[in-house]
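Right, one structure below, let's go through it.
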Protein chains: 2
Amino acid sequence: MSDTSLFLTAAAELLGERGFTTDADLVSPWLTDWRGRFTGKALGLASPANTAEVASLVKLCAQHGVPIVPQGGNSGMSGGATPDDSGEAVVLSLRRMDKVRAFDVDARQITAEAGLILQTLHETVEPKDLRFPLTLGGKGSATIGGLISTNAGGTQVLRHGSMRAQVLGIEAVMADGTVFDSLQPLKKDNRGFDLKQLLIGSEGTLGIVTAATLRLLPAQADRAVLWAGLGDIRDARKLLLHAEKVAGDALEGFEVMPRHSLEAVLAHSPRARAPLAERHAWNALIELSADASAVDGLPDLAQNLLESAFEAGLVADATIAANETQAEEFWALRDEIAPAERAIGPAMQHDISVPVPAMAEFVAATVPKVEAEFPGTRAVAFGHLGDGNVHFHVLAPKDAVPGEWELGQGKAISQFVHDEVTAWHGSISAEHGIGQLKRDELGRLGDPAQLAIMRQVKQALDPLGLLNPGKLVPLETTDESL
Amino acid sequence: MSDTSLFLTAAAELLGERGFTTDADLVSPWLTDWRGRFTGKALGLASPANTAEVASLVKLCAQHGVPIVPQGGNSGMSGGATPDDSGEAVVLSLRRMDKVRAFDVDARQITAEAGLILQTLHETVEPKDLRFPLTLGGKGSATIGGLISTNAGGTQVLRHGSMRAQVLGIEAVMADGTVFDSLQPLKKDNRGFDLKQLLIGSEGTLGIVTAATLRLLPAQADRAVLWAGLGDIRDARKLLLHAEKVAGDALEGFEVMPRHSLEAVLAHSPRARAPLAERHAWNALIELSADASAVDGLPDLAQNLLESAFEAGLVADATIAANETQAEEFWALRDEIAPAERAIGPAMQHDISVPVPAMAEFVAATVPKVEAEFPGTRAVAFGHLGDGNVHFHVLAPKDAVPGEWELGQGKAISQFVHDEVTAWHGSISAEHGIGQLKRDELGRLGDPAQLAIMRQVKQALDPLGLLNPGKLVPLETTDESL
């Protein structure tokens, strides 16, 4: 038997029929990312039932030199869970491992396996008047393991931080099959390097997250959702600072969208209605939140925020959602931007961040710069202003040929945007990760000192290079002039 | 010239007279830790003026194979900044690098060099109605760099987290002299491994922190300080959960101390007065905090907390400090425990944590267990119950000979306590770090898988082993039976 056959036989024996398959019909759905941008090949699909099986499989892969592509909900944005087209790797799905191992209501902690789906987590803790303070569009498929591996963000980062801030402990299988276990959460532990921090956001290139202990918060007892019309993106920054001052910890979300995005949503969603009578160059969506201990003061707080913002001349017009239905309608306007913009035509999308204080100026400067450099395009920035993170979309000129444009001018536009972001000391990946989509751009624009450290750490923890190869860690630059 | 002479000449040339000395009078104060527990020797004392000089010195040390012991305020608890007695190392003091490089009041961020003293940081931001939410006893000498390298804690961790939670960005010099720079803080950045997290708490063994960007919070506008008498440590846990429910984010501190500690402070400090008429087995000190946005509701909140705790039968007696002077007196009772206990006689001190929900049970079980195992001793646990972190002191029997006892029975007691902590899934270093004090205990009790990963990371980032050797990272175990 060839070594590959030996591996396949051993893997099937190890994981059983439910745990390992090479059946193309069963494997192929997991070889393409959900947006259909990346497709690869694989030896087979492994779906271990528990951490011990993951560890045994990883050891087996190490013995046979078989690369491993860990996969959660397969709903990532950067192709990080899709194998390359060599067909040499095995896809390691964590979806079968979806148990809640422990749930301490008093301590507000839950320990769940990597395959637990985000929405299921929300539904698990809600009956206990608790909430998990992170959500995003893909919550119906995104898994805890994937969220940790990509350090996922969403619309609540402003107040509660990204996935990193929710993780109290991790269990992971390292490249040699040993199990790293920090699931017992210690609020204070100074016994050396915080290795779990290294695993968070490493996209499966340093270890495979198999379980995590997560923090929970008291349920949201009430919220107030405000919509404000603004003349200038710089006013949004001022309004954000004002809201932080007035509302303090009650400020849960602060999103912005330009007029173009609102119009796109209104055109795309027949039921969508504009919250304000007039149109404004910019719109801000603000959410104030209160748990049971603060719920009584919330309406006054929202009213105060609005009135003081008017008095300070920070808003052109504004309104507070009258009820929860209207609050959801306001948020739907925000959530519909991406599909609405997609319906218009081809666009290059960029998930970027710059230092929070600089974001308004960055948008004000970069939108016209991009449109001037690439005539006929339209640049649209929307999203998490309070996090210094916007989704910067550049829509194709009217005559662009979909499919062709992205590979030609589109690529040049992305490089241009990434160059600008880098000049503003920003990040070319704020919340979507690097994966295979941006690996080469990270290699081109990343700080050489930081890239060198990344490669040293990768080499130390995965010397055979079998954990999610081709993702995240840029190749060594080879100077072709030599 | 010998290689050592060559190094000394080159270092003196590089750093100049203010930056490098071998004068024993100038060097020797920095060769012993502030508590006088560890003393070492050194080739000389380097005090670079800026990051470029640190980088050049590190390169020079790498060339000559000279170990480096980074040092901040020299006020650590674990000997992490004291050289060994080989005399081969150079002490690298960051104290000269104490500039504030940037201070953005709106964004609530400050960028400071590693040598800035904590108290100076506090005084720098206070005039702008901001605060840095971390403080500790050594604030008059502790530096930003040292606080980051040890991931320092304190009495505000319950609400605001330890030093790790305050750090938005870091600048550090790596073992090969390259500069790692993440000072421009991005709230969201998913460009791979979060290397700054690896440097925080690594005690100078992976890199030398030269500057950091730190988050600031709105100033505390008012506080309410409560003192409660309790019959049992388990009631303290219940009271904590109750306080979290009633006060939410306003709960800033929750400390406990047993009757013995209070008596010790009252005996030791002539001006100290007990807050309650009766003595109780346990005492809880609770601080509620409000910034300007929440200050109006604070007195009611404190009153509600107290009344509802009485109604629920959680406290035997309790009081609210009538004014700021009394609030400070309550806190002084807490802060005086360590010196008061020291005045009684020799004691073994342990800075330990267990999972927060288990701390009360741990104390209730372990205090009598230690006292039974070592007759004549008295075990006293006090401190940060809300963080799952207490300082667990074991006082010597009356006939113990100071100086001898610590090395004999004292050592056995420490191992016993550390064994118990480990059995409870806890940490032998909650907030003081490992340094040289606990390195061998970490080697004895640490998870072998985690120790292996630590060594791999250390080897990758400091292959010559020149950064703070002998600290933190346990030696490889050599199996003597082979």
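Just so we're on the same page: first chain in the structure tokens is A, next is B, and so on; residues restart at 1 for each chain, and ligands are numbered from 1 in the order they show up.
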
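Neighbours of Leu445 in chain A closer than or equal to 10 Å, with only C-alpha atoms counted and sequence neighbours fewer than 3 positions away skipped, come out as Gln415, His418, Asp419, Val421, Thr422, Ala423, Ser427, Ile428, Asp440, Glu441, Leu442, Pro448 and Leu451 of chain A.
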
Residues just named, written with all heavy atoms as a CSV table (one decimal), in the first residue's frame:
chain,number,residue,atom,x,y,z
A,415,GLN,N,-5.0,46.8,-3.9
A,415,GLN,CA,-3.6,47.1,-3.5
A,415,GLN,C,-3.5,48.6,-3.1
A,415,GLN,O,-2.9,49.0,-2.1
A,415,GLN,CB,-2.6,46.8,-4.6
A,415,GLN,CG,-2.5,45.3,-4.8
A,415,GLN,CD,-1.3,44.9,-5.6
A,415,GLN,OE1,-0.7,45.7,-6.3
A,415,GLN,NE2,-1.0,43.6,-5.5
A,418,HIS,N,-5.1,49.1,0.3
A,418,HIS,CA,-4.3,48.5,1.3
A,418,HIS,C,-3.0,49.4,1.5
A,418,HIS,O,-2.5,49.5,2.7
A,418,HIS,CB,-3.9,47.1,1.0
A,418,HIS,CG,-5.0,46.1,1.1
A,418,HIS,ND1,-5.0,44.9,0.5
A,418,HIS,CD2,-6.2,46.2,1.7
A,418,HIS,CE1,-6.2,44.3,0.7
A,418,HIS,NE2,-6.9,45.1,1.5
A,419,ASP,N,-2.5,50.0,0.5
A,419,ASP,CA,-1.4,50.9,0.6
A,419,ASP,C,-1.8,52.1,1.5
A,419,ASP,O,-1.0,52.5,2.3
A,419,ASP,CB,-0.9,51.4,-0.8
A,419,ASP,CG,-0.1,50.3,-1.5
A,419,ASP,OD1,0.3,49.3,-0.9
A,419,ASP,OD2,0.1,50.5,-2.7
A,421,VAL,N,-4.2,52.3,3.7
A,421,VAL,CA,-4.5,51.9,5.0
A,421,VAL,C,-3.1,51.7,5.8
A,421,VAL,O,-3.0,52.2,6.9
A,421,VAL,CB,-5.2,50.5,5.0
A,421,VAL,CG1,-5.2,49.9,6.4
A,421,VAL,CG2,-6.7,50.7,4.6
A,422,THR,N,-2.2,51.2,5.1
A,422,THR,CA,-0.9,51.0,5.7
A,422,THR,C,-0.2,52.3,6.0
A,422,THR,O,0.4,52.5,7.1
A,422,THR,CB,0.0,50.1,4.8
A,422,THR,OG1,-0.7,48.9,4.5
A,422,THR,CG2,1.4,49.8,5.5
A,423,ALA,N,-0.4,53.3,5.1
A,423,ALA,CA,0.2,54.6,5.3
A,423,ALA,C,-0.4,55.3,6.5
A,423,ALA,O,0.2,56.1,7.2
A,423,ALA,CB,0.0,55.4,4.1
A,427,SER,N,-4.8,48.4,9.6
A,427,SER,CA,-4.7,47.0,9.3
A,427,SER,C,-5.5,46.6,8.1
A,427,SER,O,-6.6,47.1,7.9
A,427,SER,CB,-5.3,46.2,10.5
A,427,SER,OG,-5.4,44.9,10.2
A,428,ILE,N,-4.9,45.7,7.2
A,428,ILE,CA,-5.7,45.3,6.1
A,428,ILE,C,-6.7,44.2,6.4
A,428,ILE,O,-7.4,43.8,5.6
A,428,ILE,CB,-4.7,44.8,5.0
A,428,ILE,CG1,-3.9,43.6,5.5
A,428,ILE,CG2,-3.8,45.9,4.5
A,428,ILE,CD1,-3.2,42.8,4.3
A,440,ASP,N,-0.7,37.1,0.8
A,440,ASP,CA,0.3,37.7,0.1
A,440,ASP,C,0.4,39.2,0.3
A,440,ASP,O,1.4,39.9,0.3
A,440,ASP,CB,0.2,37.4,-1.4
A,440,ASP,CG,0.4,35.9,-1.7
A,440,ASP,OD1,1.0,35.3,-0.8
A,440,ASP,OD2,0.1,35.5,-2.8
A,441,GLU,N,-0.8,39.8,0.5
A,441,GLU,CA,-0.9,41.2,0.8
A,441,GLU,C,-0.2,41.5,2.2
A,441,GLU,O,0.5,42.5,2.4
A,441,GLU,CB,-2.3,41.8,0.8
A,441,GLU,CG,-2.9,42.1,-0.5
A,441,GLU,CD,-2.2,43.3,-1.2
A,441,GLU,OE1,-1.1,43.1,-1.8
A,441,GLU,OE2,-2.8,44.4,-1.1
A,442,LEU,N,-0.4,40.6,3.1
A,442,LEU,CA,0.2,40.7,4.4
A,442,LEU,C,1.7,40.6,4.3
A,442,LEU,O,2.5,41.4,4.9
A,442,LEU,CB,-0.3,39.7,5.4
A,442,LEU,CG,0.3,39.7,6.8
A,442,LEU,CD1,0.1,41.0,7.5
A,442,LEU,CD2,-0.2,38.6,7.7
A,448,PRO,N,8.2,43.9,8.5
A,448,PRO,CA,9.2,42.8,8.4
A,448,PRO,C,9.5,42.2,9.8
A,448,PRO,O,9.7,40.9,9.9
A,448,PRO,CB,10.4,43.4,7.7
A,448,PRO,CG,9.9,44.5,6.9
A,448,PRO,CD,8.7,45.1,7.8
A,451,LEU,N,6.6,40.0,10.9
A,451,LEU,CA,6.5,38.8,10.1
A,451,LEU,C,7.6,37.8,10.5
A,451,LEU,O,7.3,36.6,10.5
A,451,LEU,CB,6.6,39.2,8.6
A,451,LEU,CG,5.5,40.1,8.0
A,451,LEU,CD1,5.7,40.3,6.5
A,451,LEU,CD2,4.1,39.4,8.2

* Starting from chain A, keep only residues with some atom at most 6 Å from an atom of chain B, counting only C-alpha atoms, and report them as a VMD selection string. => chain A and resid 185 to 193 198 202 246 293 355 387 427 429 to 431 433 456 460

* Would you give me, as JSON, numbers by chain, the residues in range 113-362 of chain B that DSSP reads as strand (DSSP E)? -> {"B": [113, 130, 131, 167, 168, 169, 170, 171, 172, 173, 174, 179, 180, 181, 207, 208, 209, 210, 211, 212, 213, 214, 215, 217, 218, 222, 223, 224, 225, 226, 227, 228, 229, 230, 251, 252, 253, 254, 255, 256, 257, 258, 282, 283, 284, 285, 286, 287, 288, 289, 290, 317, 318, 319, 320, 347, 348, 349, 350, 351, 352, 353]}

* Identify, on the basis of only C-alpha atoms, every residue whose closest approach to range 61-69 of chain A does not exceed 9 Å; exclude the query and any residue fewer than 3 positions from it along the same chain; express the result as a VMD selection string. => chain A and resid 3 to 4 6 to 7 11 56 to 58 80 to 83 88 to 93 175 to 177 204 to 205 464 to 469

* Skip Gly16 in chain A itself and residues of its chain fewer than 6 positions away, then list as a PyMOL selection string all residues within 12 Å of it, counting only C-alpha atoms. => chain A and resi 8-10+45-49+53+57

Include N, CA and C atoms and write out the residues we just selected as a PDB file, in the first residue's frame.
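The resulting file, out.pdb, is reproduced below:
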ATOM      1  N   LEU A   8      -5.055   6.643   4.990  1.00  0.00           N
ATOM      2  CA  LEU A   8      -6.524   6.615   4.884  1.00  0.00           C
ATOM      3  C   LEU A   8      -7.103   5.437   5.658  1.00  0.00           C
ATOM      4  N   THR A   9      -6.451   4.295   5.584  1.00  0.00           N
ATOM      5  CA  THR A   9      -6.916   3.116   6.307  1.00  0.00           C
ATOM      6  C   THR A   9      -6.852   3.362   7.811  1.00  0.00           C
ATOM      7  N   ALA A  10      -5.722   3.941   8.248  1.00  0.00           N
ATOM      8  CA  ALA A  10      -5.550   4.184   9.686  1.00  0.00           C
ATOM      9  C   ALA A  10      -6.544   5.237  10.176  1.00  0.00           C
ATOM     10  N   LEU A  45     -12.494  13.822   4.608  1.00  0.00           N
ATOM     11  CA  LEU A  45     -13.094  14.697   5.619  1.00  0.00           C
ATOM     12  C   LEU A  45     -13.107  13.962   6.960  1.00  0.00           C
ATOM     13  N   ALA A  46     -12.422  14.516   7.932  1.00  0.00           N
ATOM     14  CA  ALA A  46     -12.410  13.918   9.277  1.00  0.00           C
ATOM     15  C   ALA A  46     -13.365  14.695  10.165  1.00  0.00           C
ATOM     16  N   SER A  47     -14.194  13.986  10.908  1.00  0.00           N
ATOM     17  CA  SER A  47     -15.150  14.625  11.827  1.00  0.00           C
ATOM     18  C   SER A  47     -15.070  13.935  13.177  1.00  0.00           C
ATOM     19  N   PRO A  48     -14.013  14.201  13.926  1.00  0.00           N
ATOM     20  CA  PRO A  48     -13.810  13.485  15.198  1.00  0.00           C
ATOM     21  C   PRO A  48     -14.933  13.803  16.188  1.00  0.00           C
ATOM     22  N   ALA A  49     -15.142  12.886  17.108  1.00  0.00           N
ATOM     23  CA  ALA A  49     -16.240  13.027  18.073  1.00  0.00           C
ATOM     24  C   ALA A  49     -15.788  13.708  19.344  1.00  0.00           C
ATOM     25  N   GLU A  53      -9.916  12.035  19.970  1.00  0.00           N
ATOM     26  CA  GLU A  53      -9.852  11.640  18.550  1.00  0.00           C
ATOM     27  C   GLU A  53      -9.126  12.690  17.713  1.00  0.00           C
ATOM     28  N   LEU A  57      -5.792  11.833  15.597  1.00  0.00           N
ATOM     29  CA  LEU A  57      -5.721  12.124  14.169  1.00  0.00           C
ATOM     30  C   LEU A  57      -4.530  13.022  13.844  1.00  0.00           C
TER      31      LEU A  57
END

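Within 7 Å of range 361-364 of chain A there are Ile233, Arg234 and Ala381 of chain A, counting only C-alpha atoms and ignoring same-chain residues fewer than 4 positions away.
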
Just to be explicit: take each residue in the selection above, keep N, CA and C atoms, and write the result as a JSON list (two decimals), in the first residue's frame.
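Final output, saved to selection15.json:
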[["chain", "number", "residue", "atom", "x", "y", "z"],
["A", 233, "ILE", "N", -18.66, 63.09, 7.87],
["A", 233, "ILE", "CA", -18.16, 61.93, 8.63],
["A", 233, "ILE", "C", -17.40, 62.39, 9.87],
["A", 234, "ARG", "N", -16.80, 63.59, 9.80],
["A", 234, "ARG", "CA", -16.07, 64.08, 10.98],
["A", 234, "ARG", "C", -17.03, 64.39, 12.13],
["A", 381, "ALA", "N", -17.82, 53.67, 2.40],
["A", 381, "ALA", "CA", -17.30, 53.17, 3.67],
["A", 381, "ALA", "C", -18.43, 53.16, 4.69]]
